[in-house]
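Here's the structure, in structure tokens; my notes come after.
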Amino acid sequence: GIYIFASQLHTHLAGRGVRTVLVREGVELEVVQDDQHFSAEYQPIRVLRKMVNALQGDVLITKCTYNTEDRSKPTVGGFGIMEEMCVNYIHYYPR
């Protein structure tokens, strides 16, 4: 397995919340990282309070919430700042 010790949550401007959970055999075991007051202006690498041990076959699920009420056009996924993405860069060892 691996040990997750930090992560960096990432969305673009519409992102308001990001949550990553560890799932084993269909059961959500623990929250890896959760920020429901997310700001695209502040996206630090955060050291976890407790390392998470992920085993072969485990699944990490990242979900994001967005607010696009002030937009007149649909928001699509992509790399542009007015497009959106939902990412958690996981920092772990061993290699």
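Here's how to read the names in the structure tokens: chain A, B, ... by the order shown, residue numbers from 1 in each chain, ligand numbers from 1 in the order shown.
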- Would you mind writing down, as a ChimeraX atom specification, each residue of chain A that DSSP on the backbone assigns to strand (DSSP E)? /A:2-10,15-24,27-35,46-54,59-66,87-93
- Task: Write out as an MDAnalysis selection string which residues come within 12 Å of A:Arg71 when counting only C-alpha atoms, dropping same-chain ones fewer than 4 positions away.
- Result: chainID A and resid 13:14 66:67 75:76 82:83
I need the chosen residues saved as an mmCIF file, in the first residue's frame, with N, CA and C atoms.
```
data_model
loop_
_atom_site.group_PDB
_atom_site.id
_atom_site.type_symbol
_atom_site.label_atom_id
_atom_site.label_comp_id
_atom_site.auth_asym_id
_atom_site.auth_seq_id
_atom_site.Cartn_x
_atom_site.Cartn_y
_atom_site.Cartn_z
ATOM 1 N N LEU A 13 -12.463 28.953 -10.774
ATOM 2 C CA LEU A 13 -13.149 30.022 -10.051
ATOM 3 C C LEU A 13 -14.497 29.658 -9.439
ATOM 4 N N ALA A 14 -15.229 28.723 -10.010
ATOM 5 C CA ALA A 14 -16.564 28.393 -9.500
ATOM 6 C C ALA A 14 -16.535 27.394 -8.343
ATOM 7 N N TYR A 66 -19.858 23.489 -6.931
ATOM 8 C CA TYR A 66 -19.584 24.729 -7.659
ATOM 9 C C TYR A 66 -20.742 25.698 -7.483
ATOM 10 N N ASN A 67 -20.453 26.980 -7.677
ATOM 11 C CA ASN A 67 -21.490 28.004 -7.725
ATOM 12 C C ASN A 67 -21.287 28.812 -8.999
ATOM 13 N N THR A 75 -21.137 26.379 -17.812
ATOM 14 C CA THR A 75 -19.741 26.127 -17.452
ATOM 15 C C THR A 75 -19.412 24.691 -17.834
ATOM 16 N N VAL A 76 -18.329 24.519 -18.577
ATOM 17 C CA VAL A 76 -17.911 23.187 -19.016
ATOM 18 C C VAL A 76 -16.579 22.836 -18.367
ATOM 19 N N MET A 82 -12.269 29.960 -16.749
ATOM 20 C CA MET A 82 -13.729 30.026 -16.708
ATOM 21 C C MET A 82 -14.363 28.654 -16.951
ATOM 22 N N GLU A 83 -13.535 27.664 -17.231
ATOM 23 C CA GLU A 83 -13.983 26.275 -17.302
ATOM 24 C C GLU A 83 -13.727 25.676 -15.914
#
```
Selection: 9 Å around A:Cys64, only C-alpha atoms, excl. self and same-chain fewer than 3 positions, as a tab-separated table (two decimals) with C-alpha atoms, in the first residue's frame:
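Below is the file that was written, out27.tsv:
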```
chain	number	residue	atom	x	y	z
A	11	THR	CA	-10.71	23.77	-8.89
A	15	GLY	CA	-15.28	25.80	-7.00
A	16	ARG	CA	-16.79	26.11	-3.50
A	17	GLY	CA	-16.14	22.72	-1.95
A	18	VAL	CA	-13.84	19.72	-2.46
A	19	ARG	CA	-13.93	16.39	-0.62
A	20	THR	CA	-11.86	13.21	-1.12
A	36	GLN	CA	-16.42	23.10	2.05
A	85	MET	CA	-12.05	20.85	-13.04
A	86	CYS	CA	-12.11	18.82	-9.83
A	87	VAL	CA	-8.70	17.56	-8.72
```
Please produce, as CSV, a per-residue contact table for stretch 68-94 of chain A versus stretch 44-63 of chain A (criterion: any atom at most 12 Å away, only C-alpha atoms considered), showing the nearest atom pair and its distance in Å to one decimal, sorted by chain then residue number.
```
residue,atom,partner,partner_atom,distance
A:Met85,CA,A:Lys63,CA,10.3
A:Cys86,CA,A:Lys63,CA,7.0
A:Val87,CA,A:Thr62,CA,7.0
A:Asn88,CA,A:Thr62,CA,6.9
A:Tyr89,CA,A:Ile45,CA,8.5
A:Ile90,CA,A:Ile45,CA,9.2
A:His91,CA,A:Ile45,CA,8.8
A:Tyr92,CA,A:Met51,CA,9.1
A:Tyr93,CA,A:Asn53,CA,9.9
A:Pro94,CA,A:Asn53,CA,11.0
```
